[in-house]
$ cat run-v7.json   # JSON, C-alpha atoms
[["chain", "number", "residue", "atom", "x", "y", "z"],
["A", 1, "MET", "CA", 0.00, 0.00, 0.00],
["A", 2, "ASN", "CA", 1.42, 3.39, -0.96],
["A", 3, "LEU", "CA", 1.36, 6.57, 1.15],
["A", 4, "SER", "CA", -1.72, 8.10, -0.48],
["A", 5, "ALA", "CA", -3.74, 4.87, -0.06],
["A", 6, "THR", "CA", -2.67, 4.70, 3.59],
["A", 7, "LEU", "CA", -3.73, 8.31, 4.20],
["A", 8, "ILE", "CA", -7.10, 7.80, 2.49],
["A", 9, "LEU", "CA", -7.65, 4.68, 4.61],
["A", 10, "ALA", "CA", -6.64, 6.57, 7.77],
["A", 11, "PHE", "CA", -8.98, 9.45, 6.97],
["A", 12, "GLY", "CA", -11.86, 7.07, 6.27],
["A", 13, "MET", "CA", -11.26, 5.20, 9.52],
["A", 14, "SER", "CA", -11.31, 8.46, 11.50],
["A", 15, "MET", "CA", -14.75, 9.63, 10.33],
["A", 16, "ASP", "CA", -16.77, 7.68, 12.93],
["A", 17, "ALA", "CA", -14.58, 9.05, 15.72],
["A", 18, "PHE", "CA", -14.92, 12.56, 14.25],
["A", 19, "ALA", "CA", -18.73, 12.36, 14.28],
["A", 20, "ALA", "CA", -18.81, 10.89, 17.79],
["A", 21, "SER", "CA", -16.42, 13.53, 19.13],
["A", 22, "ILE", "CA", -18.57, 16.33, 17.70],
["A", 23, "GLY", "CA", -21.42, 14.90, 19.76],
["A", 24, "LYS", "CA", -19.19, 14.59, 22.82],
["A", 25, "GLY", "CA", -17.95, 18.16, 22.41],
["A", 26, "ALA", "CA", -21.51, 19.44, 22.06],
["A", 27, "THR", "CA", -22.61, 17.79, 25.31],
["A", 28, "LEU", "CA", -19.89, 19.46, 27.34],
["A", 29, "HIS", "CA", -20.15, 23.08, 28.33],
["A", 30, "ARG", "CA", -17.32, 24.67, 26.39],
["A", 31, "PRO", "CA", -14.63, 21.97, 26.58],
["A", 32, "ARG", "CA", -11.11, 23.37, 26.60],
["A", 33, "PHE", "CA", -8.42, 22.37, 24.12],
["A", 34, "ARG", "CA", -6.84, 20.15, 26.79],
["A", 35, "GLU", "CA", -10.07, 18.14, 27.09],
["A", 36, "ALA", "CA", -10.43, 17.97, 23.30],
["A", 37, "PHE", "CA", -6.84, 16.75, 22.99],
["A", 38, "ARG", "CA", -7.42, 14.16, 25.74],
["A", 39, "THR", "CA", -10.41, 12.85, 23.78],
["A", 40, "GLY", "CA", -8.32, 12.81, 20.61],
["A", 41, "LEU", "CA", -5.58, 10.83, 22.35],
["A", 42, "ILE", "CA", -8.02, 8.24, 23.67],
["A", 43, "PHE", "CA", -9.76, 7.83, 20.30],
["A", 44, "GLY", "CA", -6.45, 7.84, 18.41],
["A", 45, "ALA", "CA", -4.76, 5.29, 20.66],
["A", 46, "ILE", "CA", -7.67, 2.87, 20.48],
["A", 47, "GLU", "CA", -8.06, 3.40, 16.74],
["A", 48, "ALA", "CA", -4.33, 2.60, 16.29],
["A", 49, "ILE", "CA", -4.52, -0.54, 18.43],
["A", 50, "THR", "CA", -7.60, -2.10, 16.82],
["A", 51, "PRO", "CA", -6.12, -2.67, 13.33],
["A", 52, "LEU", "CA", -3.14, -4.33, 15.01],
["A", 53, "ILE", "CA", -5.49, -6.64, 16.90],
["A", 54, "GLY", "CA", -7.47, -7.27, 13.72],
["A", 55, "TRP", "CA", -4.29, -7.98, 11.78],
["A", 56, "GLY", "CA", -3.22, -10.54, 14.39],
["A", 57, "LEU", "CA", -6.65, -12.11, 14.51],
["A", 58, "GLY", "CA", -6.85, -12.07, 10.73],
["A", 59, "LEU", "CA", -3.78, -14.23, 10.59],
["A", 60, "MET", "CA", -5.61, -16.75, 12.77],
["A", 61, "ALA", "CA", -9.34, -16.75, 11.99],
["A", 62, "SER", "CA", -10.71, -13.92, 9.87],
["A", 63, "ARG", "CA", -14.10, -15.36, 8.98],
["A", 64, "TYR", "CA", -15.18, -15.68, 12.63],
["A", 65, "ILE", "CA", -14.31, -12.08, 13.50],
["A", 66, "MET", "CA", -15.85, -10.47, 10.46],
["A", 67, "ALA", "CA", -19.09, -12.33, 11.06],
["A", 68, "TRP", "CA", -19.74, -10.52, 14.35],
["A", 69, "ASP", "CA", -17.85, -7.19, 14.41],
["A", 70, "HIS", "CA", -20.74, -5.15, 13.02],
["A", 71, "TRP", "CA", -23.17, -6.50, 15.63],
["A", 72, "VAL", "CA", -20.79, -5.65, 18.47],
["A", 73, "ALA", "CA", -20.23, -2.12, 17.11],
["A", 74, "PHE", "CA", -23.98, -1.61, 16.68],
["A", 75, "ALA", "CA", -24.78, -2.83, 20.21],
["A", 76, "LEU", "CA", -22.12, -0.67, 21.87],
["A", 77, "LEU", "CA", -23.06, 2.46, 19.95],
["A", 78, "PHE", "CA", -26.77, 1.86, 20.51],
["A", 79, "ILE", "CA", -26.29, 1.46, 24.27],
["A", 80, "LEU", "CA", -24.03, 4.52, 24.54],
["A", 81, "GLY", "CA", -26.32, 6.60, 22.32],
["A", 82, "SER", "CA", -29.43, 5.56, 24.26],
["A", 83, "ARG", "CA", -27.71, 6.50, 27.49],
["A", 84, "MET", "CA", -26.86, 9.94, 26.10],
["A", 85, "ILE", "CA", -30.46, 10.46, 24.93],
["A", 86, "MET", "CA", -31.82, 9.49, 28.35],
["A", 87, "GLU", "CA", -29.32, 11.80, 30.08],
["A", 88, "GLY", "CA", -30.38, 14.60, 27.73],
["A", 89, "MET", "CA", -34.00, 14.15, 28.72],
["A", 90, "LYS", "CA", -33.29, 14.44, 32.45],
["A", 91, "THR", "CA", -33.74, 17.79, 34.10],
["A", 92, "PRO", "CA", -30.36, 18.83, 35.49],
["A", 93, "ALA", "CA", -30.11, 19.83, 39.15],
["A", 94, "ALA", "CA", -27.87, 22.72, 38.14],
["A", 95, "ASP", "CA", -26.66, 24.11, 34.85],
["A", 96, "GLU", "CA", -23.61, 21.86, 34.92],
["A", 97, "PRO", "CA", -22.69, 19.15, 32.42],
["A", 98, "CYS", "CA", -22.89, 15.49, 33.30],
["A", 99, "LYS", "CA", -19.67, 14.68, 35.17],
["A", 100, "ASP", "CA", -19.29, 11.03, 34.15],
["A", 101, "CYS", "CA", -20.39, 11.55, 30.52],
["A", 102, "HIS", "CA", -16.82, 12.38, 29.61],
["A", 103, "SER", "CA", -14.99, 9.96, 31.87],
["A", 104, "PHE", "CA", -12.12, 7.89, 30.53],
["A", 105, "TRP", "CA", -14.25, 4.73, 30.48],
["A", 106, "VAL", "CA", -17.16, 6.31, 28.60],
["A", 107, "LEU", "CA", -14.75, 7.78, 26.04],
["A", 108, "ALA", "CA", -12.89, 4.47, 25.74],
["A", 109, "ALA", "CA", -16.14, 2.54, 25.21],
["A", 110, "THR", "CA", -17.20, 5.02, 22.53],
["A", 111, "ALA", "CA", -13.76, 4.80, 20.92],
["A", 112, "VAL", "CA", -13.87, 1.00, 20.91],
["A", 113, "ALA", "CA", -17.34, 1.01, 19.36],
["A", 114, "THR", "CA", -16.30, 3.43, 16.62],
["A", 115, "SER", "CA", -13.04, 1.58, 15.95],
["A", 116, "LEU", "CA", -14.41, -1.90, 15.30],
["A", 117, "ASP", "CA", -14.37, -1.10, 11.59],
["A", 118, "ALA", "CA", -10.60, -0.58, 11.96],
["A", 119, "LEU", "CA", -10.42, -4.03, 13.54],
["A", 120, "ALA", "CA", -12.13, -5.46, 10.46],
["A", 121, "ILE", "CA", -9.77, -3.48, 8.20],
["A", 122, "GLY", "CA", -6.86, -4.94, 10.17],
["A", 123, "VAL", "CA", -8.18, -8.42, 9.44],
["A", 124, "GLY", "CA", -8.24, -7.60, 5.74],
["A", 125, "LEU", "CA", -4.75, -6.08, 5.87],
["A", 126, "ALA", "CA", -3.42, -9.38, 7.19],
["A", 127, "PHE", "CA", -3.83, -10.77, 3.68],
["A", 128, "LEU", "CA", -1.96, -7.92, 1.97],
["A", 129, "GLN", "CA", 1.69, -6.98, 1.89],
["A", 130, "VAL", "CA", 1.27, -4.04, 4.28],
["A", 131, "ASN", "CA", 3.49, -2.58, 6.96],
["A", 132, "ILE", "CA", 0.83, -2.84, 9.67],
["A", 133, "ILE", "CA", 2.76, -0.67, 12.16],
["A", 134, "HIS", "CA", 2.93, 2.29, 9.76],
["A", 135, "THR", "CA", -0.69, 1.84, 8.75],
["A", 136, "ALA", "CA", -1.91, 1.60, 12.36],
["A", 137, "LEU", "CA", 0.11, 4.70, 13.33],
["A", 138, "ALA", "CA", -1.35, 6.64, 10.39],
["A", 139, "ILE", "CA", -4.88, 5.61, 11.39],
["A", 140, "GLY", "CA", -4.24, 6.51, 15.04],
["A", 141, "MET", "CA", -2.68, 9.90, 14.30],
["A", 142, "THR", "CA", -5.42, 10.87, 11.84],
["A", 143, "THR", "CA", -8.10, 9.80, 14.29],
["A", 144, "MET", "CA", -6.43, 11.77, 17.10],
["A", 145, "LEU", "CA", -6.45, 14.92, 14.95],
["A", 146, "MET", "CA", -10.01, 14.41, 13.72],
["A", 147, "ALA", "CA", -11.43, 13.60, 17.19],
["A", 148, "THR", "CA", -9.71, 16.66, 18.68],
["A", 149, "LEU", "CA", -11.11, 18.80, 15.86],
["A", 150, "GLY", "CA", -14.55, 17.23, 16.34],
["A", 151, "MET", "CA", -14.54, 18.12, 20.04],
["A", 152, "LEU", "CA", -13.62, 21.71, 19.23],
["A", 153, "ILE", "CA", -16.38, 21.95, 16.60],
["A", 154, "GLY", "CA", -18.81, 20.44, 19.11],
["A", 155, "ARG", "CA", -17.76, 23.15, 21.57],
["A", 156, "PHE", "CA", -19.40, 25.77, 19.38],
["A", 157, "ILE", "CA", -22.43, 23.69, 18.47],
["A", 158, "GLY", "CA", -23.19, 22.72, 22.09],
["A", 159, "PRO", "CA", -24.12, 26.16, 23.46],
["A", 160, "MET", "CA", -26.48, 26.73, 20.53],
["A", 161, "LEU", "CA", -28.28, 23.45, 21.15],
["A", 162, "GLY", "CA", -28.25, 23.45, 24.96],
["A", 163, "LYS", "CA", -29.50, 20.21, 26.57],
["A", 164, "ARG", "CA", -30.57, 18.93, 23.14],
["A", 165, "ALA", "CA", -26.87, 18.58, 22.25],
["A", 166, "GLU", "CA", -26.58, 15.48, 24.41],
["A", 167, "MET", "CA", -29.64, 13.94, 22.81],
["A", 168, "LEU", "CA", -28.31, 14.84, 19.35],
["A", 169, "GLY", "CA", -24.96, 13.24, 20.25],
["A", 170, "GLY", "CA", -26.82, 10.08, 21.26],
["A", 171, "VAL", "CA", -28.76, 10.07, 18.00],
["A", 172, "VAL", "CA", -25.47, 10.48, 16.09],
["A", 173, "LEU", "CA", -23.93, 7.47, 17.91],
["A", 174, "ILE", "CA", -27.00, 5.33, 17.21],
["A", 175, "GLY", "CA", -26.92, 6.50, 13.60],
["A", 176, "ILE", "CA", -23.26, 5.49, 13.26],
["A", 177, "GLY", "CA", -24.09, 2.08, 14.74],
["A", 178, "CYS", "CA", -27.02, 1.60, 12.35],
["A", 179, "ASN", "CA", -24.84, 2.67, 9.43],
["A", 180, "ILE", "CA", -22.14, 0.13, 10.36],
["A", 181, "LEU", "CA", -24.74, -2.61, 10.74],
["A", 182, "LEU", "CA", -26.55, -1.82, 7.48],
["A", 183, "GLN", "CA", -23.27, -1.63, 5.52],
["A", 184, "HIS", "CA", -22.09, -4.99, 6.81],
["A", 185, "LEU", "CA", -25.46, -6.57, 6.11],
["A", 186, "GLY", "CA", -25.26, -5.25, 2.55],
["A", 187, "LEU", "CA", -28.35, -3.05, 2.88],
["A", 188, "LEU", "CA", -26.35, 0.16, 2.32],
["A", 189, "ALA", "CA", -23.85, 0.77, -0.42]]
$ encode --input "run-v7.json" --output "structure tokens"
Amino acid sequence: MNLSATLILAFGMSMDAFAASIGKGATLHRPRFREAFRTGLIFGAIEAITPLIGWGLGLMASRYIMAWDHWVAFALLFILGSRMIMEGMKTPAADEPCKDCHSFWVLAATAVATSLDALAIGVGLAFLQVNIIHTALAIGMTTMLMATLGMLIGRFIGPMLGKRAEMLGGVVLIGIGCNILLQHLGLLA
């Protein structure tokens, strides 16, 4: 795989994380760059690790993994999105954002759910003559940049939407999950 193909792949793999991070940024009340960068690091690290895992698994048993990855991604994104929608419907005690909505574990679970397509790509890359380390690093770095940018974009969208931002973020996560599921089932091109 040449450099341009690797960069196109990396950009494509980062789009789910970008969309999810816009939703995350919108739910927070004016997240600072440090928080956006933290989110980018978490998403980027997980997005870099999953193609490596997929590559290793692809060497062992690709057909078993690819048969279930879309269902796992859908379930995780649906659960996280539903949780965000329910949190958005609650009346807050004060005008403060949800404290655990941006915890490491919630971000990591969202990152894992949005990176399962990279796991499947890693499985496919196991059958090609690809430097998997360079490819995984490119995917991780691109995702880190796009997730950080998404958080910063969400920062400006959030105040305009208010409490609806969290519900919109949940709808976006569910939409990403449905998109992944429908693509893998062959119902979407």
$ atom_distance --input "run-v7.json" --atom1 "atom CA of Leu7 of chain A" --atom2 "atom CA of Gln183 of chain A"
22.0 Å
$ closest_residue --input "run-v7.json" --among "A:Ala36, A:Ala26, A:Ala73, A:Val123" --to "Ile174 of chain A" --atoms "all atoms listed in the file"
A:Ala73
$ closest_residue --input "run-v7.json" --among "A:Leu77, A:Leu125, A:Met84, A:Leu181" --to "Thr27 of chain A" --atoms "only C-alpha atoms"
A:Met84
$ atom_distance --input "run-v7.json" --atom1 "atom CA of Ala17 of chain A" --atom2 "atom CA of Ala126 of chain A"
23.2 Å
$ atom_distance --input "run-v7.json" --atom1 "atom CA of Ala118 of chain A" --atom2 "atom CA of Val72 of chain A"
13.1 Å
$ closest_residue --input "run-v7.json" --among "A:Asn179, A:Thr114, A:Thr143, A:Ser4" --to "Ala48 of chain A" --atoms "all atoms listed in the file"
A:Thr143
$ residues_near_point --input "run-v7.json" --point "(-13.9, -2.0, 12.7)" --cutoff "8 Å" --atoms "all atoms listed in the file" --output "list in words"
Thr50, Pro51, Asp69, His70, Ala73, Thr114, Ser115, Leu116, Asp117, Ala118, Leu119, Ala120 and Ile121 of chain A
$ closest_residue --input "run-v7.json" --among "A:Leu76, A:Leu173, A:Ala67, A:Met13" --to "Val112 of chain A" --atoms "only C-alpha atoms"
A:Leu76
$ closest_residue --input "run-v7.json" --among "A:Met86, A:Leu152, A:Gly175, A:Gly122" --to "Leu57 of chain A" --atoms "all atoms listed in the file"
A:Gly122
$ residues_around --input "run-v7.json" --residues "Ala10 of chain A" --least-positions-apart "5" --cutoff "8 Å" --atoms "only C-alpha atoms" --output "list in words"
Thr135, Ala138, Ile139, Gly140, Thr142 and Thr143 of chain A
$ write_last_selection --input "run-v7.json" --atoms "C-alpha atoms" --output "short mmCIF file (atom, residue, chain, number, x, y, z; two decimals), keeping the file's coordinate frame"
data_model
loop_
_atom_site.label_atom_id
_atom_site.label_comp_id
_atom_site.auth_asym_id
_atom_site.auth_seq_id
_atom_site.Cartn_x
_atom_site.Cartn_y
_atom_site.Cartn_z
CA THR A 135 -0.69 1.84 8.75
CA ALA A 138 -1.35 6.64 10.39
CA ILE A 139 -4.88 5.61 11.39
CA GLY A 140 -4.24 6.51 15.04
CA THR A 142 -5.42 10.87 11.84
CA THR A 143 -8.10 9.80 14.29
#
$ build_atoms --input "run-v7.json" --residues "segment 67-80 of chain A" --atoms "N, CA and C atoms" --output "mmCIF file, keeping the file's coordinate frame"
data_model
loop_
_atom_site.group_PDB
_atom_site.id
_atom_site.type_symbol
_atom_site.label_atom_id
_atom_site.label_comp_id
_atom_site.auth_asym_id
_atom_site.auth_seq_id
_atom_site.Cartn_x
_atom_site.Cartn_y
_atom_site.Cartn_z
ATOM 1 N N ALA A 67 -17.682 -11.957 10.981
ATOM 2 C CA ALA A 67 -19.090 -12.330 11.060
ATOM 3 C C ALA A 67 -19.819 -11.608 12.186
ATOM 4 N N TRP A 68 -19.102 -11.106 13.182
ATOM 5 C CA TRP A 68 -19.740 -10.520 14.350
ATOM 6 C C TRP A 68 -19.366 -9.080 14.646
ATOM 7 N N ASP A 69 -18.331 -8.517 14.022
ATOM 8 C CA ASP A 69 -17.850 -7.190 14.410
ATOM 9 C C ASP A 69 -18.911 -6.101 14.265
ATOM 10 N N HIS A 70 -19.726 -6.174 13.237
ATOM 11 C CA HIS A 70 -20.740 -5.150 13.020
ATOM 12 C C HIS A 70 -21.843 -5.200 14.081
ATOM 13 N N TRP A 71 -22.167 -6.389 14.571
ATOM 14 C CA TRP A 71 -23.170 -6.500 15.630
ATOM 15 C C TRP A 71 -22.655 -5.935 16.947
ATOM 16 N N VAL A 72 -21.390 -6.185 17.244
ATOM 17 C CA VAL A 72 -20.790 -5.650 18.470
ATOM 18 C C VAL A 72 -20.744 -4.129 18.407
ATOM 19 N N ALA A 73 -20.292 -3.571 17.273
ATOM 20 C CA ALA A 73 -20.230 -2.120 17.110
ATOM 21 C C ALA A 73 -21.622 -1.506 17.253
ATOM 22 N N PHE A 74 -22.615 -2.111 16.603
ATOM 23 C CA PHE A 74 -23.980 -1.610 16.680
ATOM 24 C C PHE A 74 -24.480 -1.614 18.128
ATOM 25 N N ALA A 75 -24.288 -2.719 18.834
ATOM 26 C CA ALA A 75 -24.780 -2.830 20.210
ATOM 27 C C ALA A 75 -24.128 -1.790 21.123
ATOM 28 N N LEU A 76 -22.807 -1.656 21.030
ATOM 29 C CA LEU A 76 -22.120 -0.670 21.870
ATOM 30 C C LEU A 76 -22.578 0.750 21.576
ATOM 31 N N LEU A 77 -22.658 1.106 20.311
ATOM 32 C CA LEU A 77 -23.060 2.460 19.950
ATOM 33 C C LEU A 77 -24.527 2.719 20.298
ATOM 34 N N PHE A 78 -25.364 1.704 20.153
ATOM 35 C CA PHE A 78 -26.770 1.860 20.510
ATOM 36 C C PHE A 78 -26.925 2.087 22.019
ATOM 37 N N ILE A 79 -26.213 1.311 22.807
ATOM 38 C CA ILE A 79 -26.290 1.460 24.270
ATOM 39 C C ILE A 79 -25.766 2.829 24.698
ATOM 40 N N LEU A 80 -24.590 3.217 24.176
ATOM 41 C CA LEU A 80 -24.030 4.520 24.540
ATOM 42 C C LEU A 80 -24.926 5.660 24.062
#
